[in-house]
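The file target14.cif comes next; it holds mmCIF, C-alpha atoms and all ligand atoms.
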```cif
data_entry
loop_
_atom_site.label_atom_id
_atom_site.label_comp_id
_atom_site.auth_asym_id
_atom_site.auth_seq_id
_atom_site.Cartn_x
_atom_site.Cartn_y
_atom_site.Cartn_z
CA MET G 1 -36.05 -14.98 56.33
CA SER G 2 -36.43 -17.92 53.97
CA SER G 3 -38.04 -21.00 55.43
CA PRO G 4 -37.11 -23.40 56.81
CA ARG G 5 -33.59 -22.73 58.10
CA VAL G 6 -30.90 -25.31 57.42
CA LYS G 7 -30.46 -27.42 60.53
CA ASN G 8 -27.44 -29.16 61.95
CA ARG G 9 -29.42 -30.73 64.75
CA PRO G 10 -28.23 -34.28 65.51
CA ARG G 11 -30.98 -36.76 64.81
CA THR G 12 -32.01 -39.40 67.26
CA ALA G 13 -31.35 -42.86 65.87
CA LYS G 14 -34.76 -44.28 65.03
CA SER G 15 -35.82 -47.22 62.95
CA PRO G 16 -38.12 -46.41 60.04
CA PRO G 17 -41.83 -46.64 60.83
CA ALA G 18 -42.78 -50.27 61.36
CA GLN G 19 -45.40 -51.80 59.13
CA THR G 20 -48.58 -52.47 61.03
CA ASP G 21 -48.56 -56.22 60.48
CA SER G 22 -44.86 -56.64 61.20
CA LEU G 23 -45.18 -55.56 64.83
CA GLU G 24 -44.48 -58.30 67.33
CA PRO G 25 -47.54 -59.79 69.03
CA GLU G 26 -46.22 -58.75 72.44
CA ARG G 27 -46.02 -55.13 71.28
CA LEU G 28 -49.57 -55.24 69.96
CA LEU G 29 -50.84 -56.73 73.21
CA HIS G 30 -48.95 -54.04 75.12
CA PHE G 31 -50.79 -51.39 73.10
CA TYR G 32 -54.10 -53.06 73.91
CA ARG G 33 -53.23 -53.33 77.61
CA GLN G 34 -52.37 -49.62 77.74
CA MET G 35 -55.65 -48.71 76.05
CA VAL G 36 -57.62 -50.77 78.59
CA GLU G 37 -55.69 -49.18 81.45
CA ILE G 38 -56.64 -45.70 80.24
CA ARG G 39 -60.26 -46.79 79.79
CA ARG G 40 -60.52 -48.17 83.33
CA PHE G 41 -58.61 -45.25 84.86
CA GLU G 42 -60.96 -42.75 83.24
CA GLU G 43 -64.10 -44.64 84.22
CA ARG G 44 -62.89 -44.69 87.80
CA ALA G 45 -62.04 -40.98 87.66
CA ALA G 46 -65.60 -40.27 86.50
CA ARG G 47 -66.98 -42.30 89.41
CA ALA G 48 -64.73 -40.61 91.95
CA TYR G 49 -65.79 -37.21 90.60
CA THR G 50 -69.48 -37.96 91.07
CA GLN G 51 -68.62 -39.14 94.62
CA ALA G 52 -67.05 -35.70 95.21
CA GLU G 53 -63.62 -37.23 95.76
CA ILE G 54 -62.32 -35.13 92.86
CA GLY G 55 -62.95 -31.39 92.70
CA GLY G 56 -62.63 -28.77 89.99
CA TYR G 57 -63.09 -29.87 86.41
CA CYS G 58 -62.47 -33.33 85.03
CA HIS G 59 -62.16 -34.19 81.32
CA LEU G 60 -61.63 -37.74 80.11
CA ASN G 61 -59.82 -39.46 77.25
CA LEU G 62 -62.67 -41.95 76.74
CA GLY G 63 -62.77 -42.69 73.00
CA GLU G 64 -59.27 -41.33 72.45
CA GLU G 65 -57.34 -44.26 73.92
CA ALA G 66 -55.94 -45.44 70.57
CA THR G 67 -54.70 -41.95 69.72
CA VAL G 68 -53.11 -41.49 73.13
CA VAL G 69 -51.29 -44.83 73.03
CA GLY G 70 -50.16 -44.40 69.42
CA LEU G 71 -48.81 -40.90 70.04
CA MET G 72 -47.03 -41.73 73.28
CA SER G 73 -45.34 -44.79 71.79
CA ALA G 74 -43.76 -42.59 69.11
CA LEU G 75 -42.10 -40.19 71.56
CA GLU G 76 -38.57 -40.66 72.85
CA SER G 77 -38.34 -40.41 76.64
CA SER G 78 -36.24 -37.25 76.18
CA ASP G 79 -38.93 -35.52 74.09
CA TYR G 80 -41.22 -32.94 75.66
CA LEU G 81 -45.00 -33.12 75.82
CA PHE G 82 -47.50 -30.30 76.28
CA THR G 83 -51.20 -31.02 76.27
CA ASN G 84 -54.54 -29.63 77.40
CA TYR G 85 -56.94 -30.42 80.23
CA ARG G 86 -57.90 -33.81 78.70
CA GLU G 87 -54.69 -35.41 79.75
CA HIS G 88 -54.85 -38.31 82.21
CA GLY G 89 -54.12 -40.87 79.46
CA TYR G 90 -51.05 -38.98 78.32
CA ALA G 91 -49.65 -38.95 81.84
CA LEU G 92 -50.15 -42.71 82.02
CA GLY G 93 -48.56 -43.06 78.58
CA ARG G 94 -45.51 -41.09 79.72
CA GLY G 95 -44.99 -43.74 82.38
CA ILE G 96 -46.03 -41.68 85.42
CA ALA G 97 -47.20 -43.93 88.27
CA PRO G 98 -51.02 -44.21 88.16
CA GLY G 99 -51.17 -43.55 91.92
CA ARG G 100 -49.45 -40.17 91.54
CA ILE G 101 -51.87 -39.20 88.78
CA MET G 102 -54.93 -40.29 90.77
CA ALA G 103 -53.56 -38.53 93.86
CA GLU G 104 -53.37 -35.31 91.84
CA LEU G 105 -56.99 -35.74 90.74
CA TYR G 106 -57.87 -36.19 94.42
CA GLY G 107 -55.90 -33.03 95.27
CA ARG G 108 -53.48 -34.86 97.54
CA SER G 109 -49.88 -33.98 98.32
CA ASP G 110 -48.42 -37.11 96.68
CA GLY G 111 -49.93 -36.07 93.35
CA VAL G 112 -47.69 -35.12 90.43
CA SER G 113 -48.37 -31.44 91.09
CA LYS G 114 -48.35 -31.88 94.86
CA GLY G 115 -52.14 -31.66 94.95
CA TRP G 116 -52.35 -28.03 93.86
CA GLY G 117 -52.90 -28.66 90.14
CA GLY G 118 -55.75 -31.15 89.91
CA SER G 119 -57.03 -32.97 86.85
CA MET G 120 -56.24 -30.18 84.38
CA HIS G 121 -52.72 -29.41 85.56
CA LEU G 122 -50.69 -32.59 85.65
CA PHE G 123 -46.96 -31.78 85.43
CA ASP G 124 -43.92 -33.99 85.74
CA MET G 125 -40.51 -32.70 84.77
CA GLY G 126 -38.97 -36.18 85.06
CA ALA G 127 -41.42 -37.57 82.52
CA ARG G 128 -41.04 -34.36 80.47
CA LEU G 129 -44.78 -33.78 80.67
CA LEU G 130 -44.85 -29.99 80.91
CA GLY G 131 -48.63 -29.72 81.51
CA GLY G 132 -51.76 -29.98 81.50
CA TYR G 133 -53.37 -26.56 80.62
CA GLY G 134 -56.90 -25.45 81.51
CA ILE G 135 -56.81 -22.35 79.32
CA VAL G 136 -57.76 -23.41 75.81
CA GLY G 137 -54.57 -23.20 73.73
CA GLY G 138 -52.43 -21.99 76.65
CA GLN G 139 -49.98 -24.77 75.88
CA ILE G 140 -49.34 -23.78 72.25
CA PRO G 141 -47.04 -20.73 72.64
CA LEU G 142 -45.24 -22.39 75.57
CA ALA G 143 -44.62 -25.57 73.56
CA THR G 144 -43.39 -23.46 70.65
CA GLY G 145 -41.04 -21.66 73.05
CA ALA G 146 -39.71 -25.00 74.30
CA ALA G 147 -39.04 -26.00 70.69
CA LEU G 148 -37.19 -22.71 70.19
CA ALA G 149 -35.08 -23.44 73.27
CA ILE G 150 -34.17 -26.88 71.89
CA ASP G 151 -33.37 -25.34 68.52
CA TYR G 152 -31.21 -22.69 70.18
CA VAL G 153 -28.88 -25.34 71.59
CA SER G 154 -29.29 -27.70 68.60
CA GLY G 155 -30.69 -30.38 70.91
CA PRO G 156 -31.88 -33.76 69.62
CA GLU G 157 -35.27 -33.56 71.35
CA ALA G 158 -38.62 -32.74 69.80
CA VAL G 159 -41.75 -31.22 71.30
CA MET G 160 -45.25 -32.63 70.88
CA CYS G 161 -48.08 -30.17 71.51
CA ILE G 162 -51.58 -31.63 71.75
CA MET G 163 -54.90 -29.81 71.45
CA GLY G 164 -58.49 -30.26 70.33
CA GLU G 165 -59.81 -29.10 66.96
CA GLY G 166 -61.76 -26.19 68.52
CA THR G 167 -58.46 -24.79 69.77
CA THR G 168 -57.19 -24.25 66.23
CA ASN G 169 -59.41 -21.16 66.02
CA ILE G 170 -57.51 -19.14 68.61
CA GLY G 171 -54.93 -16.59 67.53
CA ALA G 172 -52.02 -18.20 69.37
CA PHE G 173 -52.40 -21.34 67.24
CA HIS G 174 -51.78 -19.38 64.06
CA GLU G 175 -49.03 -17.22 65.55
CA SER G 176 -47.24 -20.30 66.84
CA LEU G 177 -47.47 -22.30 63.62
CA ASN G 178 -46.27 -19.28 61.68
CA ILE G 179 -43.17 -18.78 63.79
CA ALA G 180 -42.46 -22.53 64.02
CA ALA G 181 -42.55 -22.80 60.23
CA LEU G 182 -40.45 -19.68 59.70
CA TRP G 183 -37.80 -20.80 62.13
CA GLY G 184 -37.97 -24.54 61.41
CA LEU G 185 -38.62 -25.52 65.02
CA PRO G 186 -38.59 -29.17 66.19
CA ILE G 187 -42.27 -29.41 67.07
CA VAL G 188 -45.26 -31.54 66.13
CA TYR G 189 -48.66 -29.96 66.69
CA VAL G 190 -51.23 -32.70 67.17
CA VAL G 191 -54.91 -31.89 66.82
CA ILE G 192 -57.27 -34.46 68.28
CA ASN G 193 -60.35 -33.90 66.15
CA ASN G 194 -63.26 -35.42 68.04
CA GLY G 195 -65.69 -33.30 66.03
CA LEU G 196 -66.88 -31.27 69.04
CA GLY G 197 -65.61 -28.29 71.00
CA MET G 198 -67.83 -28.60 74.09
CA GLY G 199 -71.21 -28.81 72.25
CA THR G 200 -70.23 -27.07 69.00
CA THR G 201 -69.40 -29.13 65.92
CA VAL G 202 -66.22 -28.52 63.97
CA GLU G 203 -68.29 -27.59 60.92
CA LYS G 204 -70.02 -24.83 62.88
CA SER G 205 -66.85 -23.44 64.45
CA SER G 206 -64.16 -23.81 61.79
CA ALA G 207 -64.26 -22.27 58.31
CA GLU G 208 -61.79 -25.01 57.31
CA PRO G 209 -63.06 -28.14 59.09
CA ASP G 210 -60.33 -30.30 57.53
CA ILE G 211 -57.92 -29.24 60.22
CA TYR G 212 -54.73 -30.64 58.69
CA LYS G 213 -55.24 -28.31 55.70
CA ARG G 214 -54.72 -25.30 57.94
CA ALA G 215 -50.98 -26.04 57.88
CA ALA G 216 -50.91 -24.98 54.22
CA SER G 217 -51.16 -21.33 55.32
CA TYR G 218 -47.71 -21.74 56.82
CA ARG G 219 -46.27 -24.08 54.17
CA MET G 220 -46.06 -26.65 56.94
CA ALA G 221 -46.24 -30.39 56.27
CA SER G 222 -49.36 -32.06 57.65
CA ALA G 223 -51.40 -35.26 57.62
CA ARG G 224 -54.65 -36.73 58.89
CA VAL G 225 -54.74 -40.14 60.53
CA ASP G 226 -57.49 -42.42 61.84
CA GLY G 227 -57.23 -41.85 65.59
CA ASN G 228 -59.02 -45.11 66.31
CA ASP G 229 -56.08 -47.09 64.92
CA PRO G 230 -53.18 -47.00 67.42
CA LEU G 231 -50.72 -48.43 64.91
CA ALA G 232 -51.57 -45.90 62.20
CA VAL G 233 -51.27 -43.13 64.80
CA ARG G 234 -47.90 -44.47 65.94
CA ASP G 235 -46.58 -44.58 62.35
CA ALA G 236 -47.91 -41.10 61.53
CA ALA G 237 -46.47 -39.64 64.74
CA GLN G 238 -43.06 -41.20 64.09
CA SER G 239 -42.95 -39.65 60.61
CA ALA G 240 -44.10 -36.30 61.99
CA LEU G 241 -41.43 -36.37 64.72
CA ALA G 242 -38.71 -37.31 62.21
CA SER G 243 -39.79 -34.32 60.12
CA ALA G 244 -39.72 -32.02 63.17
CA ARG G 245 -36.26 -33.20 64.18
CA SER G 246 -34.95 -32.36 60.72
CA GLY G 247 -36.21 -28.78 61.04
CA LYS G 248 -39.63 -29.18 59.46
CA PRO G 249 -42.41 -28.78 62.02
CA PHE G 250 -45.55 -30.81 61.39
CA LEU G 251 -49.32 -30.62 61.95
CA LEU G 252 -50.89 -34.01 62.59
CA GLU G 253 -54.67 -34.41 62.84
CA ALA G 254 -56.06 -37.53 64.50
CA THR G 255 -59.78 -38.17 64.17
CA SER G 256 -61.78 -39.95 66.85
CA LYS G 257 -65.02 -39.68 68.81
CA ARG G 258 -65.42 -38.45 72.36
CA LEU G 259 -67.50 -41.22 73.89
CA ARG G 260 -69.00 -39.05 76.67
CA GLY G 261 -69.65 -35.40 77.40
CA HIS G 262 -67.11 -32.60 77.27
CA SER G 263 -66.38 -33.03 80.96
CA VAL G 264 -67.68 -35.48 83.53
CA VAL G 265 -70.70 -33.28 84.34
CA ASP G 266 -71.81 -32.81 80.70
CA PRO G 267 -74.74 -35.09 79.76
CA ALA G 268 -74.07 -34.35 76.03
CA LYS G 269 -77.72 -33.61 75.27
CA TYR G 270 -76.65 -31.95 72.01
CA ARG G 271 -76.14 -35.38 70.45
CA THR G 272 -79.05 -36.81 68.51
CA PRO G 273 -80.16 -40.34 69.51
CA ALA G 274 -78.68 -41.63 66.24
CA GLU G 275 -75.32 -39.96 66.96
CA ALA G 276 -75.29 -41.36 70.49
CA ALA G 277 -76.09 -44.86 69.21
CA ALA G 278 -73.31 -44.66 66.60
CA LEU G 279 -70.71 -44.10 69.33
CA LYS G 280 -70.74 -47.81 70.09
CA ASP G 281 -69.15 -48.51 66.70
CA ALA G 282 -66.51 -45.85 67.34
CA ASP G 283 -65.11 -47.47 70.49
CA PRO G 284 -61.37 -47.88 69.84
CA VAL G 285 -60.82 -50.38 72.67
CA ALA G 286 -63.46 -52.79 71.40
CA GLY G 287 -62.30 -52.18 67.82
CA PHE G 288 -58.67 -53.04 68.57
CA ALA G 289 -59.70 -56.10 70.60
CA ALA G 290 -61.70 -57.35 67.60
CA ARG G 291 -58.74 -56.71 65.30
CA LEU G 292 -56.31 -58.58 67.54
CA GLY G 293 -58.90 -61.33 67.96
CA ALA G 294 -59.25 -61.73 64.19
CA ALA G 295 -55.45 -62.01 63.96
CA GLY G 296 -55.54 -64.81 66.54
CA LEU G 297 -53.65 -62.76 69.12
CA LEU G 298 -56.36 -62.12 71.69
CA GLY G 299 -59.01 -64.47 73.05
CA GLU G 300 -61.91 -63.98 75.46
CA ASP G 301 -59.75 -65.19 78.37
CA ASP G 302 -57.03 -62.68 77.51
CA ILE G 303 -59.56 -59.85 77.34
CA ALA G 304 -60.93 -60.78 80.78
CA ARG G 305 -57.45 -61.15 82.31
CA ILE G 306 -56.18 -57.84 80.95
CA ASP G 307 -59.34 -56.18 82.21
CA VAL G 308 -58.89 -57.55 85.73
CA GLN G 309 -55.25 -56.44 85.77
CA ALA G 310 -56.26 -52.93 84.68
CA LEU G 311 -58.96 -52.76 87.35
CA LEU G 312 -56.42 -53.83 89.98
CA MET G 313 -53.99 -51.19 88.80
CA VAL G 314 -56.68 -48.53 89.10
CA GLN G 315 -57.77 -49.74 92.54
CA GLU G 316 -54.16 -49.51 93.75
CA ALA G 317 -54.01 -45.98 92.36
CA VAL G 318 -57.20 -45.05 94.26
CA ASP G 319 -55.85 -46.63 97.46
CA PHE G 320 -52.64 -44.63 97.07
CA ALA G 321 -54.60 -41.41 96.49
CA GLU G 322 -56.88 -41.96 99.47
CA ALA G 323 -53.93 -42.65 101.76
CA SER G 324 -52.15 -39.48 100.69
CA PRO G 325 -52.63 -36.38 102.90
CA HIS G 326 -54.21 -33.15 101.70
CA PRO G 327 -51.63 -30.41 101.18
CA THR G 328 -51.37 -28.01 104.10
CA VAL G 329 -52.59 -24.43 103.66
CA ASP G 330 -49.13 -22.97 104.27
CA THR G 331 -48.01 -24.50 100.93
CA LEU G 332 -50.83 -22.74 99.03
CA PHE G 333 -48.51 -20.23 97.39
CA ASP G 334 -45.59 -22.59 96.81
CA TYR G 335 -44.76 -23.82 93.28
CA THR G 336 -46.70 -21.04 91.55
CA TYR G 337 -43.48 -19.65 90.17
CA ALA G 338 -40.23 -21.51 89.57
CA SER G 339 -38.24 -18.87 91.46
CA PRO G 340 -39.21 -16.26 94.09
CA VAL G 341 -41.05 -13.19 92.78
CA PRO G 342 -40.61 -9.80 94.50
CA ASN G 343 -43.81 -8.43 96.10
CA ASP G 344 -45.60 -11.73 95.47
CA SER G 345 -48.83 -11.53 97.48
CA ARG G 346 -49.27 -14.42 99.88
CA ARG G 347 -52.60 -13.22 101.15
CA LEU G 348 -55.03 -15.96 102.16
CA PRO G 349 -58.74 -15.65 101.36
CA GLY G 350 -60.30 -13.37 104.01
CA ASP G 351 -57.02 -11.69 104.95
CA PRO G 352 -57.14 -7.87 104.84
CA LEU G 353 -55.60 -6.27 101.74
CA PHE G 354 -53.27 -4.18 103.86
CA GLU G 355 -52.01 -4.36 107.39
CA PRO G 356 -54.47 -2.34 109.59
CA SER G 357 -51.56 -0.07 110.61
CA ALA G 358 -51.26 1.01 106.99
CA TYR G 359 -54.49 3.06 107.34
CA PRO G 360 -54.03 6.50 108.91
CA GLN G 361 -56.37 6.93 111.84
CA THR G 362 -58.47 9.87 110.75
CA GLY G 363 -62.02 11.04 111.25
CA HIS G 364 -64.34 11.36 114.16
CA GLN G 365 -63.24 9.48 117.21
CA ALA G 366 -65.33 9.56 120.33
C1 LIG Y 401 -59.44 -19.33 76.86
C2 LIG Y 401 -60.57 -20.28 77.15
N1 LIG Y 401 -61.77 -20.10 76.56
C3 LIG Y 401 -62.77 -20.97 76.81
C4 LIG Y 401 -62.59 -22.03 77.65
C5 LIG Y 401 -63.74 -23.01 77.91
N2 LIG Y 401 -63.48 -24.25 77.14
C6 LIG Y 401 -62.93 -25.31 77.74
S1 LIG Y 401 -62.73 -26.56 76.68
C7 LIG Y 401 -63.41 -25.73 75.41
C8 LIG Y 401 -63.59 -26.37 74.05
C9 LIG Y 401 -62.33 -26.84 73.45
O1 LIG Y 401 -62.61 -27.75 72.41
P1 LIG Y 401 -61.50 -28.55 71.64
O2 LIG Y 401 -60.31 -27.67 71.41
O3 LIG Y 401 -62.10 -29.15 70.42
O4 LIG Y 401 -61.01 -29.67 72.66
P2 LIG Y 401 -61.79 -30.91 73.30
O5 LIG Y 401 -62.36 -30.41 74.61
O6 LIG Y 401 -62.83 -31.35 72.33
O7 LIG Y 401 -60.78 -31.95 73.56
C10 LIG Y 401 -63.78 -24.45 75.82
C11 LIG Y 401 -64.41 -23.45 74.93
C12 LIG Y 401 -61.34 -22.18 78.26
N3 LIG Y 401 -61.05 -23.19 79.09
N4 LIG Y 401 -60.33 -21.33 77.98
#
```
Turn the structure described in the file into structure tokens.
Ligand SMILES: Cc1ncc(C[n+]2csc(CCOP(=O)(O)OP(=O)(O)O)c2C)c(N)n1
Amino acid sequence: MSSPRVKNRPRTAKSPPAQTDSLEPERLLHFYRQMVEIRRFEERAARAYTQAEIGGYCHLNLGEEATVVGLMSALESSDYLFTNYREHGYALGRGIAPGRIMAELYGRSDGVSKGWGGSMHLFDMGARLLGGYGIVGGQIPLATGAALAIDYVSGPEAVMCIMGEGTTNIGAFHESLNIAALWGLPIVYVVINNGLGMGTTVEKSSAEPDIYKRAASYRMASARVDGNDPLAVRDAAQSALASARSGKPFLLEATSKRLRGHSVVDPAKYRTPAEAAALKDADPVAGFAARLGAAGLLGEDDIARIDVQALLMVQEAVDFAEASPHPTVDTLFDYTYASPVPNDSRRLPGDPLFEPSAYPQTGHQA
């Protein structure tokens, strides 16, 4: 089959990418507010985790706020999003109520996944956030399948599939990009390159550390963008989505730094003191505040007010989570599958494998 196929998919009406300096001040301040909200939400999640309010694993978007906000602002509400376990910011960016996200982290029944998913498995069909995946790269084939489904019915939507740079070394990444390119699927693969997969640098794990260049193997269009600049990310994502909608899938690499460890419990000892000190200069929230300040759009009072508002928002989310009940044990096996599965085991931990009557009474009885 020649690539890509000719598409008749209707395009969503979209204005051309806005120039950075032509954005309205209110829009720029909105971006900043969203970045601060993610920052405060994540800091509070880290605290709640160390207080044992949150169980399981917990990975944060600290340092990736500009990328998250830029990407989410480029999506249409009808587009689909798949991401990995580092996903709280994306859920906020999709407009899901902070309380429902925090309740999921707390494992409560008012959480987006009814308390059974936790931090790594946020899911909201209404917001078209189709996960949240704890298995590295688990989202990539599923996102590609969603793009195939859209293509099958010539829908106007696009799929955005987010992952870290370490994930580009798994087989499913290459299989998915290959098939997406061959079939011209409406998907944008976004690689957040924070330079580290757990404690391993991209140079040590990837034979091609310039991740966007990997698309060349599949004759797929690609680009690299500064993930600390929310406006550049927004523009790059809009172009990538326009390409995907016209039948040309896209690989977008956004570079940023992860400000803390891989997960909340990782002290990141693998960083040299110099690398740790340099993180201060890589803080996208402070960087964007300085940029808006230099443009006369944000003063010290504004920074303090926005911060207080974000802290209030997070406190309300925590209050909501704490007031929400734990799910009851009889719902443990609900929601695992979309529809009933024959012979699905509903055995609780400690239950016998088989009914006692299933064992023939043999042997030596007194
Ligand atoms: C299949 C599988 N293998 C290994 C892991 C353990 N693991 C979790 S995150 C991770 C590193 C992923 O790094 P990257 O893709 O760069 O994403 P980042 O965490 O930096 O956002 C690994 C190896 C896993 N969850 N799933």
Practice task
Enumerate as a ChimeraX atom specification the residues within 8 Å of ligand LIG 401 (chain Y), counting all atoms listed in the file.
Solution key: /G:59,84-86,134-138,163-168,192-198,202,258,262-263
Please, could you write that set of residues out with C-alpha atoms as a compact mmCIF listing (two decimals), in the coordinates of the input?
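Listing of again-v3.txt after writing:
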```txt
# COMPACT_ATOMS: atom_id res chain seq x y z
CA HIS G 59 -62.16 -34.19 81.32
CA ASN G 84 -54.54 -29.63 77.40
CA TYR G 85 -56.94 -30.42 80.23
CA ARG G 86 -57.90 -33.81 78.70
CA GLY G 134 -56.90 -25.45 81.51
CA ILE G 135 -56.81 -22.35 79.32
CA VAL G 136 -57.76 -23.41 75.81
CA GLY G 137 -54.57 -23.20 73.73
CA GLY G 138 -52.43 -21.99 76.65
CA MET G 163 -54.90 -29.81 71.45
CA GLY G 164 -58.49 -30.26 70.33
CA GLU G 165 -59.81 -29.10 66.96
CA GLY G 166 -61.76 -26.19 68.52
CA THR G 167 -58.46 -24.79 69.77
CA THR G 168 -57.19 -24.25 66.23
CA ILE G 192 -57.27 -34.46 68.28
CA ASN G 193 -60.35 -33.90 66.15
CA ASN G 194 -63.26 -35.42 68.04
CA GLY G 195 -65.69 -33.30 66.03
CA LEU G 196 -66.88 -31.27 69.04
CA GLY G 197 -65.61 -28.29 71.00
CA MET G 198 -67.83 -28.60 74.09
CA VAL G 202 -66.22 -28.52 63.97
CA ARG G 258 -65.42 -38.45 72.36
CA HIS G 262 -67.11 -32.60 77.27
CA SER G 263 -66.38 -33.03 80.96
```
Practice task
Give me, please, the distance in Å between atom CA of G:Ser246 and atom CA of G:Ala66, quoted to one decimal.
Solution key: 26.6 Å
Handout entry: Given all atoms listed in the file as the counted atoms, nearest of G:Asn178, G:Ser243, G:Thr201, G:Asn228 to G:Lys257
Key =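 Nearest candidate to G:Lys257 out of G:Asn178, G:Ser243, G:Thr201, G:Asn228: G:Asn228.
The coordinates place atom CA of G:Ala146 at 26.9 Å from atom CA of G:Asp110.
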Completion exercise
Counting only C-alpha atoms, closest pick from G:Gly115, G:Pro209, G:Gly199, G:Gly184 relative to G:Val329 is G:Gly115
Exercise for the section: Go through G:Ser154, G:Pro141, G:Glu87, G:Ile303 one by one, measure the shortest atom-to-atom distance of each to G:Phe288 using all atoms listed in the file, and give the residue with the smallest value. Expected result: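 Checking each candidate against G:Phe288, we get G:Ile303 as the closest.
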Handout entry: For atom CA of G:His88 and atom CA of G:Cys58, the interatomic separation in Å (one decimal)
Key = 9.5 Å
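Using all atoms listed in the file, the shortest contact distance between G:Ala282 and any of G:Arg94, G:Thr67, G:Leu259, G:Asp319 is found at G:Leu259.
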Exercise for the section: Return the single residue from G:Leu332, G:Ile140, G:Ala304, G:Val159 that is closest to G:Gly171, with distances computed using only C-alpha atoms. Expected result: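 When distances to G:Gly171 are compared using only C-alpha atoms, the smallest one comes from G:Ile140.
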Handout entry: G:Ala52, G:Ile150, G:Ala181, G:Val233 ranked by distance to G:Arg219, top pick (using all atoms listed in the file)
Key =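 Closest candidate: G:Ala181.
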Can you fill out stretch 147-159 of chain G with N, CA and C atoms and hand it back as a PDB file, in the frame of the given file?
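File produced: rebuild.pdb:
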```
ATOM      1  N   ALA G 147     -39.684 -25.558  71.940  1.00  0.00           N
ATOM      2  CA  ALA G 147     -39.040 -26.000  70.690  1.00  0.00           C
ATOM      3  C   ALA G 147     -37.957 -25.007  70.271  1.00  0.00           C
ATOM      4  N   LEU G 148     -38.209 -23.723  70.505  1.00  0.00           N
ATOM      5  CA  LEU G 148     -37.190 -22.710  70.190  1.00  0.00           C
ATOM      6  C   LEU G 148     -35.959 -22.900  71.073  1.00  0.00           C
ATOM      7  N   ALA G 149     -36.208 -23.216  72.351  1.00  0.00           N
ATOM      8  CA  ALA G 149     -35.080 -23.440  73.270  1.00  0.00           C
ATOM      9  C   ALA G 149     -34.236 -24.634  72.822  1.00  0.00           C
ATOM     10  N   ILE G 150     -34.893 -25.694  72.387  1.00  0.00           N
ATOM     11  CA  ILE G 150     -34.170 -26.880  71.890  1.00  0.00           C
ATOM     12  C   ILE G 150     -33.364 -26.499  70.647  1.00  0.00           C
ATOM     13  N   ASP G 151     -34.018 -25.755  69.768  1.00  0.00           N
ATOM     14  CA  ASP G 151     -33.370 -25.340  68.520  1.00  0.00           C
ATOM     15  C   ASP G 151     -32.144 -24.473  68.803  1.00  0.00           C
ATOM     16  N   TYR G 152     -32.280 -23.638  69.825  1.00  0.00           N
ATOM     17  CA  TYR G 152     -31.210 -22.690  70.180  1.00  0.00           C
ATOM     18  C   TYR G 152     -29.927 -23.430  70.529  1.00  0.00           C
ATOM     19  N   VAL G 153     -30.073 -24.579  71.196  1.00  0.00           N
ATOM     20  CA  VAL G 153     -28.880 -25.340  71.590  1.00  0.00           C
ATOM     21  C   VAL G 153     -28.670 -26.541  70.679  1.00  0.00           C
ATOM     22  N   SER G 154     -29.382 -26.582  69.558  1.00  0.00           N
ATOM     23  CA  SER G 154     -29.290 -27.700  68.600  1.00  0.00           C
ATOM     24  C   SER G 154     -29.465 -29.050  69.286  1.00  0.00           C
ATOM     25  N   GLY G 155     -30.445 -29.122  70.194  1.00  0.00           N
ATOM     26  CA  GLY G 155     -30.690 -30.380  70.910  1.00  0.00           C
ATOM     27  C   GLY G 155     -31.368 -31.421  70.028  1.00  0.00           C
ATOM     28  N   PRO G 156     -31.276 -32.690  70.422  1.00  0.00           N
ATOM     29  CA  PRO G 156     -31.880 -33.760  69.620  1.00  0.00           C
ATOM     30  C   PRO G 156     -33.367 -33.969  69.909  1.00  0.00           C
ATOM     31  N   GLU G 157     -33.891 -33.281  70.940  1.00  0.00           N
ATOM     32  CA  GLU G 157     -35.270 -33.560  71.350  1.00  0.00           C
ATOM     33  C   GLU G 157     -36.277 -32.897  70.401  1.00  0.00           C
ATOM     34  N   ALA G 158     -37.499 -33.385  70.497  1.00  0.00           N
ATOM     35  CA  ALA G 158     -38.620 -32.740  69.800  1.00  0.00           C
ATOM     36  C   ALA G 158     -39.696 -32.444  70.830  1.00  0.00           C
ATOM     37  N   VAL G 159     -40.614 -31.565  70.444  1.00  0.00           N
ATOM     38  CA  VAL G 159     -41.750 -31.220  71.300  1.00  0.00           C
ATOM     39  C   VAL G 159     -43.020 -31.709  70.615  1.00  0.00           C
TER      40      VAL G 159
END
```
